[in-house]
$ cat coords17.txt   # compact mmCIF, C-alpha atoms (C1' of nucleotides)
# COMPACT_ATOMS: atom_id res chain seq x y z
CA MET A 1 104.59 80.46 78.81
CA ARG A 2 102.82 77.62 80.53
CA GLU A 3 105.80 77.49 82.78
CA LEU A 4 104.16 76.27 85.94
CA LYS A 5 103.50 73.13 83.92
CA TYR A 6 107.23 72.55 83.45
CA ALA A 7 108.10 73.45 87.01
CA ILE A 8 105.73 70.71 88.16
CA LEU A 9 106.94 68.24 85.54
CA GLY A 10 110.53 68.90 86.63
CA LEU A 11 109.67 68.20 90.24
CA VAL A 12 107.69 65.00 89.70
CA ASN A 13 110.41 63.90 87.28
CA ARG A 14 112.88 63.99 90.17
CA SER A 15 110.66 61.73 92.22
CA PRO A 16 106.97 60.92 92.63
CA ARG A 17 105.26 63.32 94.98
CA THR A 18 101.95 64.76 96.12
CA GLY A 19 100.44 68.15 95.45
CA TYR A 20 101.30 69.03 99.00
CA ASP A 21 104.96 68.14 98.46
CA ILE A 22 105.01 70.26 95.31
CA THR A 23 103.45 73.17 97.15
CA LYS A 24 106.15 72.91 99.79
CA ALA A 25 108.89 72.85 97.14
CA PHE A 26 107.70 76.25 95.93
CA THR A 27 108.29 77.71 99.36
CA GLU A 28 111.78 76.19 99.53
CA SER A 29 114.72 76.39 97.13
CA ILE A 30 112.74 76.68 93.93
CA GLY A 31 110.83 79.48 95.59
CA ASN A 32 113.87 81.70 95.07
CA PHE A 33 112.85 82.15 91.44
CA TRP A 34 109.36 80.69 91.09
CA GLU A 35 106.42 80.74 93.44
CA ALA A 36 103.04 79.09 93.24
CA LYS A 37 100.21 78.45 95.68
CA HIS A 38 98.34 75.23 96.17
CA SER A 39 95.26 76.79 94.60
CA GLN A 40 97.15 77.02 91.34
CA ILE A 41 98.97 73.71 91.69
CA TYR A 42 96.04 71.34 92.22
CA PRO A 43 94.15 72.42 89.08
CA GLU A 44 97.39 72.23 87.09
CA LEU A 45 97.99 68.68 88.37
CA HIS A 46 94.52 67.73 87.13
CA ARG A 47 95.27 69.20 83.72
CA LEU A 48 98.62 67.43 83.46
CA ALA A 49 97.08 64.13 84.54
CA SER A 50 94.23 64.37 82.06
CA GLY A 51 96.77 65.22 79.36
CA GLY A 52 98.67 62.04 80.20
CA LEU A 53 101.86 63.85 81.24
CA ILE A 54 101.69 62.61 84.79
CA GLU A 55 99.70 59.88 86.57
CA TYR A 56 98.91 59.14 90.18
CA GLU A 57 98.41 56.39 92.68
CA ILE A 58 96.39 56.82 95.81
CA GLU A 59 98.26 56.09 99.00
CA ILE A 60 96.61 55.81 102.40
CA GLN A 61 98.19 57.68 105.28
CA GLY A 62 97.13 56.26 108.68
CA GLU A 63 93.52 55.11 108.71
CA LYS A 64 91.86 56.84 105.80
CA LEU A 65 93.71 59.98 104.68
CA GLU A 66 94.10 59.64 100.93
CA LYS A 67 97.00 61.21 99.13
CA LYS A 68 97.61 61.25 95.42
CA VAL A 69 101.21 60.48 94.59
CA TYR A 70 101.98 61.77 91.12
CA SER A 71 104.71 60.44 88.86
CA ILE A 72 105.80 61.49 85.41
CA THR A 73 104.97 59.51 82.28
CA ASP A 74 107.15 59.02 79.20
CA LYS A 75 105.05 61.60 77.42
CA GLY A 76 105.56 64.03 80.28
CA ARG A 77 109.31 63.45 80.41
CA ASN A 78 109.47 64.06 76.68
CA GLU A 79 107.69 67.38 76.93
CA LEU A 80 109.92 68.40 79.82
CA LEU A 81 113.10 67.63 77.86
CA ASN A 82 111.72 69.42 74.87
CA TRP A 83 111.00 72.53 76.91
CA LEU A 84 114.44 72.45 78.51
CA LEU A 85 115.96 72.59 75.03
CA THR A 86 113.85 75.45 73.70
CA ASP A 87 115.49 78.82 73.39
CA GLU A 88 113.26 81.77 74.17
CA PRO A 89 113.71 85.54 74.02
CA LEU A 90 114.32 87.36 77.29
CA PRO A 91 111.11 87.85 79.24
CA PRO A 92 110.02 91.40 80.05
CA VAL A 93 111.84 92.98 82.98
CA PRO A 94 110.39 92.10 86.36
CA LYS A 95 107.93 94.61 87.77
CA ASP A 96 109.38 96.30 90.83
CA SER A 97 107.31 98.51 93.04
CA PHE A 98 110.20 99.95 95.03
CA ARG A 99 111.74 101.13 91.77
CA LEU A 100 108.38 102.61 90.79
CA ARG A 101 108.20 104.55 94.04
CA LEU A 102 111.77 105.77 93.77
CA TYR A 103 111.18 106.82 90.18
CA PHE A 104 108.43 109.18 91.32
CA SER A 105 110.23 110.39 94.44
CA GLU A 106 110.50 113.93 93.10
CA ASN A 107 107.23 114.33 95.03
CA LEU A 108 108.77 113.36 98.38
CA SER A 109 110.80 115.26 100.93
CA THR A 110 114.43 114.23 101.24
CA LEU A 111 113.56 112.69 104.61
CA ALA A 112 110.77 110.59 103.14
CA VAL A 113 113.05 109.47 100.33
CA SER A 114 115.71 108.36 102.75
CA GLU A 115 113.13 106.44 104.77
CA LEU A 116 111.92 104.75 101.60
CA ILE A 117 115.47 103.80 100.68
CA ASN A 118 116.51 102.61 104.12
CA GLY A 119 113.34 100.56 104.53
CA GLN A 120 114.01 98.77 101.29
CA LEU A 121 117.65 98.25 102.18
CA ALA A 122 116.74 96.58 105.47
CA LYS A 123 114.29 94.21 103.82
CA ARG A 124 116.73 93.29 101.07
CA ARG A 125 119.43 92.60 103.64
CA ARG A 126 117.15 90.25 105.49
CA ARG A 127 116.36 88.37 102.28
CA LEU A 128 120.06 88.15 101.49
CA GLU A 129 120.82 86.75 104.93
CA HIS A 130 118.25 83.98 104.46
CA LEU A 131 119.83 83.01 101.16
CA LYS A 132 123.31 82.98 102.68
CA GLU A 133 122.07 80.73 105.45
CA GLU A 134 120.64 78.34 102.88
CA LEU A 135 123.94 78.28 101.03
CA HIS A 136 125.96 77.70 104.18
CA ALA A 137 123.60 74.95 105.27
CA MET A 138 124.34 73.20 101.97
CA GLU A 139 128.07 73.75 102.31
CA ASP A 140 128.17 72.48 105.88
CA SER A 141 126.22 69.31 105.18
CA GLY A 142 128.97 67.02 103.91
CA GLU A 143 130.69 67.03 100.54
CA PRO A 144 130.33 69.81 97.98
CA PRO A 145 127.58 68.94 95.51
CA VAL A 146 128.60 66.61 92.68
CA LEU A 147 128.62 68.33 89.27
CA PHE A 148 125.40 68.21 87.25
CA THR A 149 123.30 66.64 90.00
CA PRO A 150 120.06 68.25 91.23
CA GLU A 151 121.92 69.38 94.38
CA PHE A 152 124.55 71.04 92.24
CA TYR A 153 121.95 73.05 90.33
CA GLU A 154 120.19 73.90 93.55
CA TYR A 155 123.48 75.27 94.82
CA LEU A 156 123.92 77.37 91.68
CA LEU A 157 120.41 78.78 91.97
CA ILE A 158 120.80 79.80 95.59
CA MET A 159 124.03 81.47 94.55
CA GLY A 160 122.07 83.23 91.82
CA GLY A 161 119.66 84.56 94.40
CA ILE A 162 122.57 85.87 96.44
CA PHE A 163 124.05 87.65 93.42
CA ARG A 164 120.65 89.17 92.66
CA GLU A 165 120.01 90.45 96.17
CA GLN A 166 123.57 91.61 96.67
CA ALA A 167 123.37 93.66 93.48
CA TYR A 168 120.10 95.19 94.65
CA ILE A 169 121.79 96.19 97.91
CA ASN A 170 124.84 97.55 96.12
CA TRP A 171 122.60 99.66 93.93
CA ILE A 172 120.68 101.02 96.90
CA ASN A 173 123.96 101.92 98.58
CA GLU A 174 125.03 103.75 95.45
CA VAL A 175 121.68 105.57 95.47
CA LYS A 176 122.28 106.56 99.09
CA ARG A 177 125.71 107.84 98.23
CA LEU A 178 124.41 109.94 95.34
CA THR A 179 121.46 111.38 97.26
CA LYS A 180 123.78 112.46 100.06
CA CYS A 181 126.53 114.10 98.06
CA GLU A 182 125.44 117.60 99.11
CA GLU A 183 125.94 116.71 102.76
CA THR A 184 129.29 115.05 102.26
CA LYS A 185 130.68 117.47 99.70
CA SER A 186 131.26 120.30 102.14
CA MET B 1 98.78 96.03 94.35
CA ARG B 2 96.91 98.33 91.97
CA GLU B 3 100.30 99.61 90.98
CA LEU B 4 99.59 100.43 87.36
CA LYS B 5 97.24 103.03 88.80
CA TYR B 6 100.12 104.77 90.56
CA ALA B 7 102.47 104.45 87.62
CA ILE B 8 99.91 106.32 85.52
CA LEU B 9 99.19 108.87 88.24
CA GLY B 10 102.92 109.52 88.57
CA LEU B 11 103.26 110.14 84.86
CA VAL B 12 100.28 112.45 84.44
CA ASN B 13 101.41 114.23 87.59
CA ARG B 14 104.64 115.16 85.81
CA SER B 15 102.69 116.68 82.96
CA PRO B 16 99.35 116.26 81.20
CA ARG B 17 99.51 113.57 78.53
CA THR B 18 97.52 111.21 76.36
CA GLY B 19 97.08 107.47 76.66
CA TYR B 20 99.41 107.17 73.73
CA ASP B 21 102.12 109.16 75.49
CA ILE B 22 101.73 107.00 78.57
CA THR B 23 101.99 103.86 76.48
CA LYS B 24 105.23 105.16 74.99
CA ALA B 25 106.65 105.95 78.43
CA PHE B 26 106.28 102.28 79.36
CA THR B 27 108.53 101.32 76.48
CA GLU B 28 111.13 103.90 77.48
CA SER B 29 112.86 104.56 80.78
CA ILE B 30 110.07 103.40 83.07
CA GLY B 31 109.96 100.23 81.00
CA ASN B 32 113.16 99.13 82.73
CA PHE B 33 111.12 98.12 85.76
CA TRP B 34 107.46 98.33 84.74
CA GLU B 35 105.76 97.46 81.48
CA ALA B 36 102.18 97.89 80.35
CA LYS B 37 100.40 97.73 77.01
CA HIS B 38 97.87 100.17 75.68
CA SER B 39 95.15 97.56 76.12
CA GLN B 40 95.70 97.77 79.86
CA ILE B 41 96.30 101.50 79.98
CA TYR B 42 93.15 102.78 78.28
CA PRO B 43 90.73 100.95 80.58
CA GLU B 44 92.76 102.08 83.59
CA LEU B 45 92.57 105.70 82.41
CA HIS B 46 88.79 105.35 82.23
CA ARG B 47 88.70 103.99 85.76
CA LEU B 48 90.93 106.77 87.10
CA ALA B 49 88.87 109.43 85.34
CA SER B 50 85.58 108.08 86.61
CA GLY B 51 87.09 107.94 90.11
CA GLY B 52 88.00 111.62 89.80
CA LEU B 53 91.75 111.05 90.12
CA ILE B 54 92.46 112.41 86.66
CA GLU B 55 90.49 114.42 84.13
CA TYR B 56 90.86 115.09 80.43
CA GLU B 57 90.42 117.68 77.76
CA ILE B 58 89.92 116.84 74.13
CA GLU B 59 92.45 118.34 71.79
CA ILE B 60 92.15 118.27 68.02
CA GLN B 61 95.19 117.18 66.06
CA GLY B 62 95.07 118.36 62.44
CA GLU B 63 91.55 118.28 60.99
CA LYS B 64 89.59 115.94 63.22
CA LEU B 65 91.82 113.52 65.15
CA GLU B 66 90.70 113.73 68.74
CA LYS B 67 93.10 113.10 71.56
CA LYS B 68 92.33 113.01 75.23
CA VAL B 69 94.91 114.87 77.25
CA TYR B 70 94.75 113.69 80.84
CA SER B 71 95.87 115.69 83.83
CA ILE B 72 95.91 114.83 87.51
CA THR B 73 93.39 116.23 90.00
CA ASP B 74 94.02 117.20 93.63
CA LYS B 75 92.39 113.95 94.68
CA GLY B 76 94.70 112.03 92.35
CA ARG B 77 97.80 113.82 93.56
CA ASN B 78 96.78 113.07 97.11
CA GLU B 79 96.43 109.36 96.46
CA LEU B 80 99.76 109.34 94.65
CA LEU B 81 101.55 110.98 97.58
CA ASN B 82 99.86 108.63 99.96
CA TRP B 83 101.00 105.61 98.01
CA LEU B 84 104.56 106.93 97.77
CA LEU B 85 104.66 107.06 101.57
CA THR B 86 103.29 103.58 102.22
CA ASP B 87 105.71 100.94 103.31
CA GLU B 88 105.04 97.47 101.96
CA PRO B 89 106.64 94.08 102.49
CA LEU B 90 108.97 92.78 99.80
CA PRO B 91 107.06 91.39 96.86
CA PRO B 92 107.57 87.74 95.93
CA VAL B 93 110.76 87.05 93.98
CA PRO B 94 110.45 87.61 90.24
CA LYS B 95 109.65 84.53 88.20
CA ASP B 96 112.59 83.61 86.00
CA SER B 97 112.32 80.97 83.35
CA PHE B 98 116.05 80.71 82.65
CA ARG B 99 116.59 79.91 86.30
CA LEU B 100 113.80 77.35 86.10
CA ARG B 101 115.47 75.65 83.14
CA LEU B 102 118.88 75.69 84.77
CA TYR B 103 117.41 74.26 87.96
CA PHE B 104 116.22 71.20 86.06
CA SER B 105 119.32 70.85 83.90
CA GLU B 106 120.23 67.53 85.48
CA ASN B 107 118.24 66.19 82.51
CA LEU B 108 120.48 67.82 79.89
CA SER B 109 123.82 66.86 78.39
CA THR B 110 126.74 69.08 79.36
CA LEU B 111 126.70 70.44 75.82
CA ALA B 112 123.03 71.40 76.03
CA VAL B 113 123.63 73.03 79.41
CA SER B 114 126.45 75.12 78.04
CA GLU B 115 124.30 76.20 75.08
CA LEU B 116 121.52 77.20 77.49
CA ILE B 117 123.97 79.20 79.57
CA ASN B 118 125.72 80.89 76.67
CA GLY B 119 122.45 81.78 75.00
CA GLN B 120 121.25 83.48 78.13
CA LEU B 121 124.56 85.24 78.60
CA ALA B 122 124.43 86.72 75.10
CA LYS B 123 120.89 88.03 75.59
CA ARG B 124 121.70 89.55 78.97
CA ARG B 125 124.77 91.25 77.53
CA ARG B 126 122.67 92.84 74.83
CA ARG B 127 120.18 94.13 77.38
CA LEU B 128 123.03 95.50 79.47
CA GLU B 129 124.48 97.31 76.45
CA HIS B 130 121.15 99.02 75.78
CA LEU B 131 121.01 100.25 79.35
CA LYS B 132 124.56 101.52 79.21
CA GLU B 133 123.76 103.42 76.03
CA GLU B 134 120.79 105.03 77.74
CA LEU B 135 122.96 106.07 80.66
CA HIS B 136 125.66 107.48 78.44
CA ALA B 137 123.10 109.35 76.38
CA MET B 138 121.97 111.03 79.60
CA GLU B 139 125.51 111.78 80.69
CA ASP B 140 126.47 113.24 77.32
CA SER B 141 123.46 115.53 77.03
CA GLY B 142 124.56 118.51 79.10
CA GLU B 143 124.86 118.85 82.85
CA PRO B 144 124.57 115.96 85.30
CA PRO B 145 120.97 115.70 86.53
CA VAL B 146 120.07 118.01 89.38
CA LEU B 147 119.43 116.20 92.67
CA PHE B 148 115.84 115.11 93.36
CA THR B 149 114.49 116.07 89.95
CA PRO B 150 112.66 113.57 87.72
CA GLU B 151 115.80 113.32 85.53
CA PHE B 152 117.86 112.49 88.59
CA TYR B 153 115.58 109.61 89.54
CA GLU B 154 115.49 108.45 85.95
CA TYR B 155 119.27 108.33 86.07
CA LEU B 156 119.22 106.29 89.29
CA LEU B 157 116.74 103.83 87.83
CA ILE B 158 118.73 103.24 84.66
CA MET B 159 121.72 102.65 86.91
CA GLY B 160 119.60 100.17 88.84
CA GLY B 161 118.89 98.28 85.66
CA ILE B 162 122.61 98.16 84.92
CA PHE B 163 123.40 96.79 88.37
CA ARG B 164 120.66 94.17 87.95
CA GLU B 165 121.79 93.00 84.54
CA GLN B 166 125.47 93.11 85.45
CA ALA B 167 124.82 90.90 88.47
CA TYR B 168 122.93 88.44 86.30
CA ILE B 169 125.91 88.29 83.93
CA ASN B 170 128.37 87.91 86.80
CA TRP B 171 126.33 85.05 88.16
CA ILE B 172 126.20 83.30 84.78
CA ASN B 173 129.97 83.66 84.48
CA GLU B 174 130.36 82.10 87.90
CA VAL B 175 128.05 79.27 86.79
CA LYS B 176 130.23 78.77 83.72
CA ARG B 177 133.34 78.66 85.86
CA LEU B 178 131.83 76.07 88.20
CA THR B 179 130.46 73.85 85.43
CA LYS B 180 133.85 73.77 83.77
CA CYS B 181 136.03 73.07 86.76
CA GLU B 182 136.68 69.48 85.68
CA GLU B 183 138.17 70.72 82.42
CA THR B 184 140.26 73.41 84.03
CA LYS B 185 141.35 71.44 87.09
CA SER B 186 143.72 69.12 85.24
C1' DT C 1 92.22 67.17 123.71
C1' DT C 2 94.21 70.50 121.38
C1' DC C 3 97.41 72.32 118.21
C1' DT C 4 100.35 71.96 114.25
C1' DG C 5 101.04 70.07 110.05
C1' DC C 6 99.41 67.03 106.29
C1' DA C 7 96.29 66.81 102.56
C1' DT C 8 92.96 68.37 98.76
C1' DG C 9 90.00 70.98 96.60
C1' DT C 10 86.81 75.24 94.46
C1' DA C 11 85.12 80.12 93.45
C1' DA C 12 85.62 84.79 92.74
C1' DC C 13 88.47 88.05 91.49
C1' DC C 14 92.47 90.78 89.65
C1' DA C 15 96.39 91.70 86.52
C1' DG C 16 98.17 91.25 82.23
C1' DT C 17 98.59 89.48 77.22
C1' DT C 18 97.07 88.68 72.58
C1' DA C 19 94.28 89.62 69.14
C1' DC C 20 90.76 92.15 67.01
C1' DA C 21 89.24 96.66 65.25
C1' DT C 22 89.36 101.34 63.39
C1' DG C 23 90.84 105.60 61.63
C1' DA C 24 93.74 110.16 61.09
C1' DT C 25 98.28 112.55 60.34
C1' DT C 26 102.70 113.38 58.64
C1' DG C 27 106.58 113.00 55.86
C1' DC C 28 108.53 110.96 51.83
C1' DG D 1 100.08 107.26 47.00
C1' DC D 2 102.22 104.81 50.71
C1' DA D 3 104.32 103.82 54.96
C1' DA D 4 105.22 104.91 59.61
C1' DT D 5 103.40 106.63 63.46
C1' DC D 6 99.75 108.89 66.11
C1' DA D 7 95.59 107.81 68.39
C1' DT D 8 91.86 105.00 70.90
C1' DG D 9 89.36 101.43 71.99
C1' DT D 10 87.25 96.21 73.09
C1' DA D 11 87.03 90.95 73.74
C1' DA D 12 88.74 86.69 74.91
C1' DC D 13 91.88 84.46 77.38
C1' DT D 14 95.73 83.11 80.66
C1' DG D 15 98.16 83.28 84.88
C1' DG D 16 97.99 84.14 89.50
C1' DT D 17 95.98 85.63 94.24
C1' DT D 18 92.71 85.58 97.97
C1' DA D 19 89.33 83.54 100.23
C1' DC D 20 86.35 79.84 101.14
C1' DA D 21 85.88 75.01 102.53
C1' DT D 22 86.90 70.49 104.51
C1' DG D 23 88.97 66.85 107.06
C1' DC D 24 92.77 63.45 108.91
C1' DA D 25 97.27 62.36 111.50
C1' DG D 26 100.60 62.75 114.91
C1' DA D 27 102.67 64.67 118.83
C1' DA D 28 102.45 66.95 123.27
$ encode --input "coords17.txt" --output "structure tokens"
Amino acid sequence: MRELKYAILGLVNRSPRTGYDITKAFTESIGNFWEAKHSQIYPELHRLASGGLIEYEIEIQGEKLEKKVYSITDKGRNELLNWLLTDEPLPPVPKDSFRLRLYFSENLSTLAVSELINGQLAKRRRRLEHLKEELHAMEDSGEPPVLFTPEFYEYLLIMGGIFREQAYINWINEVKRLTKCEETKS
Amino acid sequence: MRELKYAILGLVNRSPRTGYDITKAFTESIGNFWEAKHSQIYPELHRLASGGLIEYEIEIQGEKLEKKVYSITDKGRNELLNWLLTDEPLPPVPKDSFRLRLYFSENLSTLAVSELINGQLAKRRRRLEHLKEELHAMEDSGEPPVLFTPEFYEYLLIMGGIFREQAYINWINEVKRLTKCEETKS
DNA sequence: TTCTGCATGTAACCAGTTACATGATTGC
DNA sequence: GCAATCATGTAACTGGTTACATGCAGAA
């Protein structure tokens, strides 16, 4: 628990950045397995700063726009490393509302079920395509990522998203196959 | 949103049951994609009952133990069907703290990274084995589930869990392969 | 000058967890 | 008699979302 804390520590550990930068990061690569809105991030930054895990300098953009550029402290880096080394039990399975609907589909007509399934399939395919584009963008931009660098781990995590979404799609296809075996059996 | 509501409606729609029964269901098959504790379920049952979506009769167990057996009303069944037919955008990606740790593993030694990875792999394998046992238990107990029955959908959902966990394991194995390519390249 | 993006915050609410609290039943 | 399990609830808290609220900077 308290994992947003470590997500933020990990980001400001890579380089000093503003709350806005951090918010953006959660919509980019890291957003493939952790999301957070600015309304959660700003209060957390205040907590981390008052706990001495990060600190900030005010930078002026243009004439008078103030931005707070946060960087990690030794104490913060310590807590981050500590958390990275802790071994925790598997978290509960992710809640999944498509699965919940399918589970109760005994109440639907076969047509409605197939619409439910095909709708989900289309959305999952779109998500998969986005991830593949991200991966290809990384592969096209110069050398393959050097082992154990941030870019390397980013690459692995995008790959992880692709595996996850591909498996979801494979499962849905299997579901389609099984729900249609009366049609195809004849 | 408000999805616990529909999970409960779906269950009491299958057959009348107590809060305790519902709680148990969330630790069994449905627990592979939705979890809830009794402390969340009882208040929700009160809300659903006062909204007229379910109703209960008090049954006496033994001498004086009262249990409330809830059943669905027409209004409740209607809302359930309605929800089953609604099409919603994909929910945000599930939060995943192993992925978060791996993402920031640039701060770990290669040994620590491999411990992190192997620890996760072992836990995922155990979860996968449980799911496979559930599936085999279903397959062994008599006929294959009849299409479009609750048992059929339960079967599909356990299969879905297996696909999900298997993909996670496949990804971790790929990560292992990539993080060891210096060793194996020579 | 107008629109998009940069930048920071708070308040109210909702979902979910942990802990507290109690008591009956059944099988050994 | 004791332990496991059946049975139902509440309170305090944490994490996260939605909505409210404001204002500057840079580019067209």
$ atom_distance --input "coords17.txt" --atom1 "atom CA of Leu90 of chain B" --atom2 "atom CA of Ala137 of chain A"
23.7 Å
$ atom_distance --input "coords17.txt" --atom1 "atom CA of Gly161 of chain A" --atom2 "atom CA of Arg125 of chain B"
18.9 Å
$ closest_atom_pairs --input "coords17.txt" --of "chain D" --to "chain A" --cutoff "12 Å" --atoms "all atoms listed in the file" --output "JSON lines"
{"residue": "D:DT14", "atom": "C1'", "partner": "A:Arg2", "partner_atom": "CA", "distance": 9.0}
{"residue": "D:DG15", "atom": "C1'", "partner": "A:Arg2", "partner_atom": "CA", "distance": 8.5}
{"residue": "D:DG16", "atom": "C1'", "partner": "A:Gln40", "partner_atom": "CA", "distance": 7.4}
{"residue": "D:DT17", "atom": "C1'", "partner": "A:Lys37", "partner_atom": "CA", "distance": 8.5}
{"residue": "D:DT18", "atom": "C1'", "partner": "A:Ser39", "partner_atom": "CA", "distance": 9.8}
{"residue": "D:DA19", "atom": "C1'", "partner": "A:Ser39", "partner_atom": "CA", "distance": 10.6}
{"residue": "D:DC20", "atom": "C1'", "partner": "A:Ser39", "partner_atom": "CA", "distance": 11.5}
{"residue": "D:DG23", "atom": "C1'", "partner": "A:Leu65", "partner_atom": "CA", "distance": 8.7}
{"residue": "D:DC24", "atom": "C1'", "partner": "A:Leu65", "partner_atom": "CA", "distance": 5.6}
{"residue": "D:DA25", "atom": "C1'", "partner": "A:Gly62", "partner_atom": "CA", "distance": 6.7}
{"residue": "D:DG26", "atom": "C1'", "partner": "A:Gly62", "partner_atom": "CA", "distance": 9.6}
$ interface_residues --input "coords17.txt" --of "chain A" --to "chain C" --cutoff "12 Å" --atoms "all atoms listed in the file" --output "VMD selection string"
chain A and resid 1 18 to 24 38 to 43 45 to 46 59 to 62 64 to 69 92 95
$ interface_residues --input "coords17.txt" --of "chain A" --to "chain B" --cutoff "7 Å" --atoms "all atoms listed in the file" --output "ChimeraX atom specification"
/A:7,10,32-34,84,90,93-96,99-104,106,123,147-150,153-154,156-157,160,163-164,167-168,171,175,179
$ atom_distance --input "coords17.txt" --atom1 "atom C1' of DA4 of chain D" --atom2 "atom CA of Pro16 of chain B"
25.1 Å
$ axis_aligned_box --input "coords17.txt" --around "segment 8-26 of chain C" --padding-each-side "6 Å" --output "lines of an AutoDock Vina configuration file"
center_x = 93.9
center_y = 90.9
center_z = 78.7
size_x = 29.6
size_y = 57.0
size_z = 52.1
$ decode --input "coords17.txt" --residues "chain C" --atoms "C-alpha atoms (C1' of nucleotides)" --output "PDB file, in the first residue's frame"
ATOM      1  C1'  DT C   1      -7.147  37.652 -29.621  1.00  0.00           C
ATOM      2  C1'  DT C   2      -8.173  33.275 -29.070  1.00  0.00           C
ATOM      3  C1'  DC C   3      -7.122  28.594 -28.317  1.00  0.00           C
ATOM      4  C1'  DT C   4      -4.257  24.968 -26.543  1.00  0.00           C
ATOM      5  C1'  DG C   5      -1.320  23.583 -23.203  1.00  0.00           C
ATOM      6  C1'  DC C   6       1.175  24.591 -18.872  1.00  0.00           C
ATOM      7  C1'  DA C   7       0.594  24.929 -14.049  1.00  0.00           C
ATOM      8  C1'  DT C   8      -1.517  24.321  -9.237  1.00  0.00           C
ATOM      9  C1'  DG C   9      -4.678  23.665  -6.104  1.00  0.00           C
ATOM     10  C1'  DT C  10      -9.293  22.194  -3.042  1.00  0.00           C
ATOM     11  C1'  DA C  11     -13.885  19.936  -1.777  1.00  0.00           C
ATOM     12  C1'  DA C  12     -17.190  16.531  -1.935  1.00  0.00           C
ATOM     13  C1'  DC C  13     -17.964  12.168  -2.746  1.00  0.00           C
ATOM     14  C1'  DC C  14     -17.542   7.082  -3.632  1.00  0.00           C
ATOM     15  C1'  DA C  15     -15.379   2.483  -3.210  1.00  0.00           C
ATOM     16  C1'  DG C  16     -12.989  -0.497  -0.527  1.00  0.00           C
ATOM     17  C1'  DT C  17     -10.102  -2.175   3.631  1.00  0.00           C
ATOM     18  C1'  DT C  18      -9.125  -2.979   8.413  1.00  0.00           C
ATOM     19  C1'  DA C  19     -10.539  -3.391  12.699  1.00  0.00           C
ATOM     20  C1'  DC C  20     -13.946  -3.630  16.112  1.00  0.00           C
ATOM     21  C1'  DA C  21     -17.954  -6.141  17.939  1.00  0.00           C
ATOM     22  C1'  DT C  22     -21.186  -9.868  18.956  1.00  0.00           C
ATOM     23  C1'  DG C  23     -23.374 -14.183  19.203  1.00  0.00           C
ATOM     24  C1'  DA C  24     -25.344 -18.993  17.629  1.00  0.00           C
ATOM     25  C1'  DT C  25     -24.620 -23.701  15.581  1.00  0.00           C
ATOM     26  C1'  DT C  26     -22.481 -27.880  14.542  1.00  0.00           C
ATOM     27  C1'  DG C  27     -19.383 -31.521  14.831  1.00  0.00           C
ATOM     28  C1'  DC C  28     -15.695 -33.549  17.372  1.00  0.00           C
TER      29       DC C  28
END
